[in-house]
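Below is one structure; the comments refer to it alone.
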Amino acid sequence: MSPEPADRGAISHPAPGPTELCTGGPPTDVMASTTGPPRDQPGAPCPCIPSLAVSDVFTALDASPRGLTPAQAAARQARYGPNELPGVGRGHVWMRLIAQFTDLFAVVLLVSSAITFLAYTLEQPQDPATLQLALAILGVVLLNAGIGFAQEYSAERTAESLQAMVPHTCRVLRDGEPRELPARDLVPGDVVLLEAGDAVSADCRLVEAHEVAVNNAALTGESDAVARVAGPVPAVPTLEARNCVFMGTDVVAGTGKAVVSATGTATEFGRIFRLTAAAPRQKTPLQLQVAAMARRVAGVALATGAILFAVRVPSGQPFVDTFVFSLGVMVALVPEGLPATLSVSLAIGVRRMARRHALVKQLLAVEALGSTSVVCTDKTGTLTQAEMTVVQVWANGVSHAVAGVGYAPVGEVADAGSVRELLRTAALCSNARLVPPTSRDGWRVLGDTTEGALLVAAMKAGLDPSVEEARSPRVAEYPFDSVRKLMSTVHGDADGTYRACVKGAPLELLARCDAIDREGTRTPLTEASRAEVVAAADDMAGQGLRVLAVARRRVPGPRPALGDVESKLTLLGLSGMYDPPRPEVRDAVDACRRAGIRIVMVTGDHPLTAEAVARRVGIVRGPAPSIVTGAQLDALNDDGVDALLAGSAELLLCRVSPEHKMRVVTALQRHGEVVAVTGDGANDAPALKHADIGVAMGASGTDVAREAAVMVLLDDSFASISTAVGLGRSVYRNIRKFLIYLFSHNIAELVPILVATLAGFPLVPITAVQILAIDLGSDVLPALALGAEPMEADVMDSPPRPRRERLFSTAVMGRILFLGGIQALGVCAVFFWHIHASGIPYADFTRDDPVYREAITMVQAGIVVSQFFNALAVRTDRQSVFRAGLLSNPWLIGAGCVGIALMAAISYAPALQAIFNTAPLAPADWAVLAAFGALLLAAEEARKWVLRHRSGSPKGGT
Ligand code: ATP
């Protein structure tokens, strides 16, 4: 859960804390009692802050309970700078460049280049071709390092810019008004409003705390939640002060107010952050598989070089020549650019997802998304718009309609007088605020939308929430949590008495009531009246409404125990609010169904509400979905949960808490499912971390959830998850395409060399420099274009890829051998056809022979041209490429043409002819090669046709 340093942005301002503001002036022995490294930071916060009384805190920090004025805030912003930490230095640029030369491939290549150069100096007479090879290998290393460095740099920039898109805001009081501000705008003296799920954005001293608990793991490594209070505590080491909260930590329970004591680098987190090195970037399983394959191919290359050397030396070839030749072949066969192409392809996927509102924080998620088989989704905000409107209020057996939509307090409550007390109580027990319309937005809610809707209903009934609050000021609060499913506040009345206002899920609240209000009279609850309330709640829930019950009671004093507040309550009635489904979700649910992805709705809401919404968006279609409540889950052992998950495909989990979510995710994973799970609250963090893909809400979720997740939805919509899954699948397919493309031509490079050696031909059919020209020249752009192919229309038409499926599956290896085999056959044919047609005996051929030069040019051009057709062929697995659109990826066609143009230059430009020992090809030669390429495409089309007709379906897995 520890926040990414990059989260905090990058600045270079020193951000002194407000020591100078502390009038108390800490005694020296207090200073000495703090732990940790010496406070070398100018203006680090005064250690006496924890021991001050609340009123003195404001004086010491030159703050006010109403918050700073805009002018004060601006002055402090100018003085202390933004509340950010400098970007993490990932090492000096030169060091990072040098690091590119230290991987295994680079070392092997550097040593090879050095040996080749040594051979050149020892040769008598010296052969310029040997020098060329030494330089070419060195060129390969430099090029590779350059590509690797640029790629790493761009990946870092992408990651940083994505991080910057994740909202990081906080709520502060400025001039008495709550405002939502970017965290970087916080200054010392600001009064911050905190609630469960918030990340703490600066070091603060609490001045008000209602059941506040924080998780200090990022600072202390201690992951248990610790309680925080507002009153003074003895001067202890700052980090241990129970009335302080620190930047980088999370509020996991409660609500509170705190005054900022230090920002930016002057915070405790800033101090530690300066000492911390950047975490190493982890490789994804896909990258590891490709790296392993590349190593295996490098092993084959090494063995081939050794075999060639062993075969050629006894046949009388000069020793140094043979050594240089074998080394060249080995170097040429090493798949140099592969890891970089892979990373680029993954990064393209990440960028595409970001454009579709899904921010992926780790490359790992891109590939896991592609194999997602179950999505456990929340309801409010993800499937619905989270635009709550109270449409019905039920009290004393009568249902009252509420007119109007959205948060504009315009509309009537039928017979408002009889529900005014209910709505007054609900409004008092709310933390949300209504924000009047501006020129840009209409009426908005700051805070929880459920509570915002209750405020709107109260206003429609003629109440003014701020007047009610002034008349009965709040003296205590017991915040909402998704386990109790209740929220309570205590208010002082003008007559000196105190009352508790409680609202929450109907069944939970009803269980704590012993009376019901009948036209202002407290009447004991009977079985019959309980049943009447439950029936009314069920009726509202059956219409898809979110139902909240409201109750109250007298309490003896300002701070009663929670058990006293939430018992023996008098029920005032129910409110039902409508939250329209998101219009785009139905299609996204259809896509997931076609893609064989199971959708499990997980909600804290009533089962009937859940079912009604699930039917509206298409998650439930059958007559009997399996609807299970949290309490029922509790009664099951692990086998029972397994049986439940193996049952009806349409599963709704209702009235559950985040712990239940975690249990279901674990059980699904036990069944081998790849699980994506959404979450917004602080308590969702464990499930988000445990799931294969934790998905947090960017617009409405908490900071804690966003930190725990690997994907953040900027628009909160389920449709973005479905799109991201499609893009994840498409990235995987594209990677497979370019791997088949790249590895198959390796066969076409290797086989002719082996055949020529075995046939006793004294020279090579393709030189190392030519192979390097293919691998690092003509093949690079088409491979990238394949890695960036657009998402195919049928990507969601096949079931999810099994979790254990390897990238280099039997089918993929078979395809590499099939395509590579045809290419190898073709180039061997053109080479020996040229050699034999000349009638010259094998032994008489020399490097400079025009026939030999033409033959090796044909081999190189044969590979380049056939790769052009190969690139088209690998675009689909089973579907005909003609059906998919032969020219539908113009980048690929362009990239292939660049490769052929490069080959033409190597064949015709005298300077390049000298380097590559090539000869000009006749138009007829090109025609032969094109025909051979077309043959490759035809063979591949025939293979796909057989596949399609064997399985009886033209679709499925491209
Ligand atoms: P969803 O799937 O709709 O997002 P959830 O899982 O987030 O729901 P919770 O927010 O835990 O569900 O809410 C569970 C129940 O608690 C709601 O049905 C409602 O009755 C009640 N509830 C929700 N918000 C509040 C609140 N602010 N104060 C009191 N009760 C609430």
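For the structure tokens, the naming scheme is as follows: chains receive sequential letters (A, B, ...) according to their order of presentation, residues are indexed from 1 within each chain, and ligands are indexed from 1 in presentation order.
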
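Selecting all polymer residues at most 6 Å from ligand 1, using only C-alpha atoms and all ligand atoms, gives Asp378, Lys379, Thr380, Thr450, Glu451, Phe480, Ser482, Lys485, Leu486, Met487, Lys503, Gly504, Ala505, Arg546, Val547, Leu548, Thr603, Gly604, Asp605 and His606 of chain A.
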
What would the file look like if the residues just selected were written as a CSV table (one decimal), in the first residue's frame with N, CA and C atoms?
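So the final result, stored in again.csv, reads:
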```csv
chain,number,residue,atom,x,y,z
A,378,ASP,N,-18.5,-4.1,-8.3
A,378,ASP,CA,-19.4,-3.4,-7.5
A,378,ASP,C,-20.6,-2.9,-8.3
A,379,LYS,N,-21.6,-2.4,-7.6
A,379,LYS,CA,-22.8,-1.9,-8.3
A,379,LYS,C,-22.8,-0.4,-8.5
A,380,THR,N,-22.8,0.3,-7.4
A,380,THR,CA,-22.9,1.8,-7.5
A,380,THR,C,-21.7,2.4,-8.1
A,450,THR,N,-24.9,9.2,-1.7
A,450,THR,CA,-26.1,8.7,-1.0
A,450,THR,C,-26.6,9.8,0.0
A,451,GLU,N,-25.6,10.4,0.7
A,451,GLU,CA,-25.9,11.4,1.7
A,451,GLU,C,-26.4,12.7,1.0
A,480,PHE,N,-19.9,5.9,9.1
A,480,PHE,CA,-20.4,4.7,8.3
A,480,PHE,C,-19.3,3.7,8.1
A,482,SER,N,-18.8,-0.4,6.2
A,482,SER,CA,-19.6,-1.3,5.4
A,482,SER,C,-19.8,-2.6,6.1
A,485,LYS,N,-22.9,-1.1,8.5
A,485,LYS,CA,-23.8,-0.6,7.5
A,485,LYS,C,-24.7,0.5,8.1
A,486,LEU,N,-24.1,1.2,9.1
A,486,LEU,CA,-24.9,2.3,9.8
A,486,LEU,C,-23.9,3.5,10.0
A,487,MET,N,-24.6,4.6,10.1
A,487,MET,CA,-23.9,5.8,10.5
A,487,MET,C,-24.7,6.6,11.6
A,503,LYS,N,-28.7,6.4,10.5
A,503,LYS,CA,-29.3,5.9,9.3
A,503,LYS,C,-28.5,4.8,8.8
A,504,GLY,N,-29.0,3.9,7.9
A,504,GLY,CA,-28.3,2.8,7.5
A,504,GLY,C,-29.1,1.8,6.7
A,505,ALA,N,-28.5,0.6,6.5
A,505,ALA,CA,-29.2,-0.5,5.7
A,505,ALA,C,-30.5,-0.9,6.6
A,546,ARG,N,-32.1,2.0,-3.9
A,546,ARG,CA,-31.2,1.8,-2.8
A,546,ARG,C,-32.0,2.3,-1.6
A,547,VAL,N,-32.1,1.5,-0.5
A,547,VAL,CA,-33.0,1.8,0.6
A,547,VAL,C,-32.2,2.1,1.8
A,548,LEU,N,-32.5,3.2,2.5
A,548,LEU,CA,-31.9,3.5,3.8
A,548,LEU,C,-33.0,3.7,4.8
A,603,THR,N,-22.1,-6.6,-3.8
A,603,THR,CA,-22.6,-5.3,-3.3
A,603,THR,C,-23.0,-5.4,-1.9
A,604,GLY,N,-23.0,-4.2,-1.3
A,604,GLY,CA,-23.5,-4.1,0.1
A,604,GLY,C,-25.0,-3.9,0.2
A,605,ASP,N,-25.5,-3.8,-1.0
A,605,ASP,CA,-27.0,-3.4,-1.1
A,605,ASP,C,-27.9,-4.6,-0.9
A,606,HIS,N,-29.2,-4.3,-0.8
A,606,HIS,CA,-30.2,-5.2,-0.6
A,606,HIS,C,-30.3,-6.2,-1.8
```

Taking the DSSP secondary structure from the backbone, can you list the residues of region 298-547 of chain A that are alpha helix (DSSP H), as number ranges by chain?
A: 298-312, 319-333, 338-355, 363-370, 420-428, 449-460, 465-471, 506-510, 527-542

Name the residues of region 522-630 of chain A that come out as strand (DSSP E or B) in a backbone DSSP run; write them as a VMD selection string. chain A and resid 522 to 524 546 to 555 569 to 578 581 598 to 602 626 to 629

At most 12 Å is the cut-off: for each residue in region 756-844 of chain A with any atom that close to an atom of region 144-150 of chain A, write down the nearest atom pair and the distance in Å rounded to one decimal, counting only C-alpha atoms, chain first then increasing number, as a Markdown table.
```
| residue | atom | partner | partner_atom | distance |
| --- | --- | --- | --- | --- |
| A:Leu772 | CA | A:Asn144 | CA | 11.9 |
| A:Asp775 | CA | A:Asn144 | CA | 11.4 |
| A:Leu776 | CA | A:Asn144 | CA | 9.0 |
| A:Val780 | CA | A:Ile147 | CA | 11.2 |
```

Take the residues from that selection and put them in a file with all heavy atoms, as an mmCIF file, in the first residue's frame.
```cif
data_model
loop_
_atom_site.group_PDB
_atom_site.id
_atom_site.type_symbol
_atom_site.label_atom_id
_atom_site.label_comp_id
_atom_site.auth_asym_id
_atom_site.auth_seq_id
_atom_site.Cartn_x
_atom_site.Cartn_y
_atom_site.Cartn_z
ATOM 1 N N LEU A 772 22.586 -9.697 -40.016
ATOM 2 C CA LEU A 772 22.388 -8.551 -39.120
ATOM 3 C C LEU A 772 21.558 -7.468 -39.804
ATOM 4 O O LEU A 772 20.726 -6.813 -39.175
ATOM 5 C CB LEU A 772 23.739 -7.980 -38.679
ATOM 6 C CG LEU A 772 24.520 -8.859 -37.695
ATOM 7 C CD1 LEU A 772 25.876 -8.241 -37.390
ATOM 8 C CD2 LEU A 772 23.734 -9.057 -36.408
ATOM 9 N N ASP A 775 17.990 -8.686 -39.434
ATOM 10 C CA ASP A 775 17.473 -8.659 -38.055
ATOM 11 C C ASP A 775 17.314 -7.240 -37.522
ATOM 12 O O ASP A 775 16.367 -6.941 -36.797
ATOM 13 C CB ASP A 775 18.428 -9.416 -37.116
ATOM 14 C CG ASP A 775 18.336 -10.910 -37.348
ATOM 15 O OD1 ASP A 775 17.612 -11.299 -38.289
ATOM 16 O OD2 ASP A 775 18.979 -11.678 -36.610
ATOM 17 N N LEU A 776 18.292 -6.389 -37.837
ATOM 18 C CA LEU A 776 18.240 -5.050 -37.253
ATOM 19 C C LEU A 776 17.833 -4.003 -38.270
ATOM 20 O O LEU A 776 17.755 -2.825 -37.953
ATOM 21 C CB LEU A 776 19.598 -4.693 -36.650
ATOM 22 C CG LEU A 776 19.924 -5.586 -35.458
ATOM 23 C CD1 LEU A 776 21.400 -5.597 -35.164
ATOM 24 C CD2 LEU A 776 19.144 -5.138 -34.244
ATOM 25 N N VAL A 780 12.786 -4.945 -38.297
ATOM 26 C CA VAL A 780 12.419 -4.223 -37.072
ATOM 27 C C VAL A 780 11.047 -3.547 -37.189
ATOM 28 O O VAL A 780 10.157 -3.736 -36.348
ATOM 29 C CB VAL A 780 13.503 -3.186 -36.711
ATOM 30 C CG1 VAL A 780 13.051 -2.310 -35.558
ATOM 31 C CG2 VAL A 780 14.783 -3.899 -36.341
#
```

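Shortest atom-to-atom contact with Cys828 (chain A) among A:Leu786, A:Leu754, A:Val207, A:Ile771: A:Leu754, counting only C-alpha atoms.
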
TODO: Write out as a VMD selection string the residues lying within 8 Å of Leu921 (chain A), counting only C-alpha atoms and excluding same-chain residues fewer than 3 positions away.
DONE: chain A and resid 854 857 to 858 907 to 908 925 to 926

Produce a file of the selected residues containing N, CA and C atoms, as a PDB file, in the first residue's frame.
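What landed in selection.pdb:
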```pdb
ATOM      1  N   GLU A 854      25.676 -13.031 -56.496  1.00  0.00           N
ATOM      2  CA  GLU A 854      24.268 -12.950 -56.878  1.00  0.00           C
ATOM      3  C   GLU A 854      23.434 -13.932 -56.060  1.00  0.00           C
ATOM      4  N   THR A 857      22.873 -12.689 -52.607  1.00  0.00           N
ATOM      5  CA  THR A 857      21.922 -11.567 -52.652  1.00  0.00           C
ATOM      6  C   THR A 857      20.507 -12.122 -52.751  1.00  0.00           C
ATOM      7  N   MET A 858      20.357 -13.167 -53.587  1.00  0.00           N
ATOM      8  CA  MET A 858      19.037 -13.802 -53.737  1.00  0.00           C
ATOM      9  C   MET A 858      18.543 -14.355 -52.397  1.00  0.00           C
ATOM     10  N   SER A 907      21.283  -4.217 -52.668  1.00  0.00           N
ATOM     11  CA  SER A 907      21.568  -4.924 -53.920  1.00  0.00           C
ATOM     12  C   SER A 907      22.151  -3.992 -54.991  1.00  0.00           C
ATOM     13  N   TYR A 908      21.683  -2.707 -55.009  1.00  0.00           N
ATOM     14  CA  TYR A 908      22.073  -1.856 -56.140  1.00  0.00           C
ATOM     15  C   TYR A 908      23.100  -0.769 -55.809  1.00  0.00           C
ATOM     16  N   ASP A 925      14.492 -11.859 -61.163  1.00  0.00           N
ATOM     17  CA  ASP A 925      14.821 -12.416 -59.828  1.00  0.00           C
ATOM     18  C   ASP A 925      13.774 -11.993 -58.801  1.00  0.00           C
ATOM     19  N   TRP A 926      13.438 -10.703 -58.844  1.00  0.00           N
ATOM     20  CA  TRP A 926      12.436 -10.189 -57.898  1.00  0.00           C
ATOM     21  C   TRP A 926      11.100 -10.897 -58.110  1.00  0.00           C
TER      22      TRP A 926
END
```
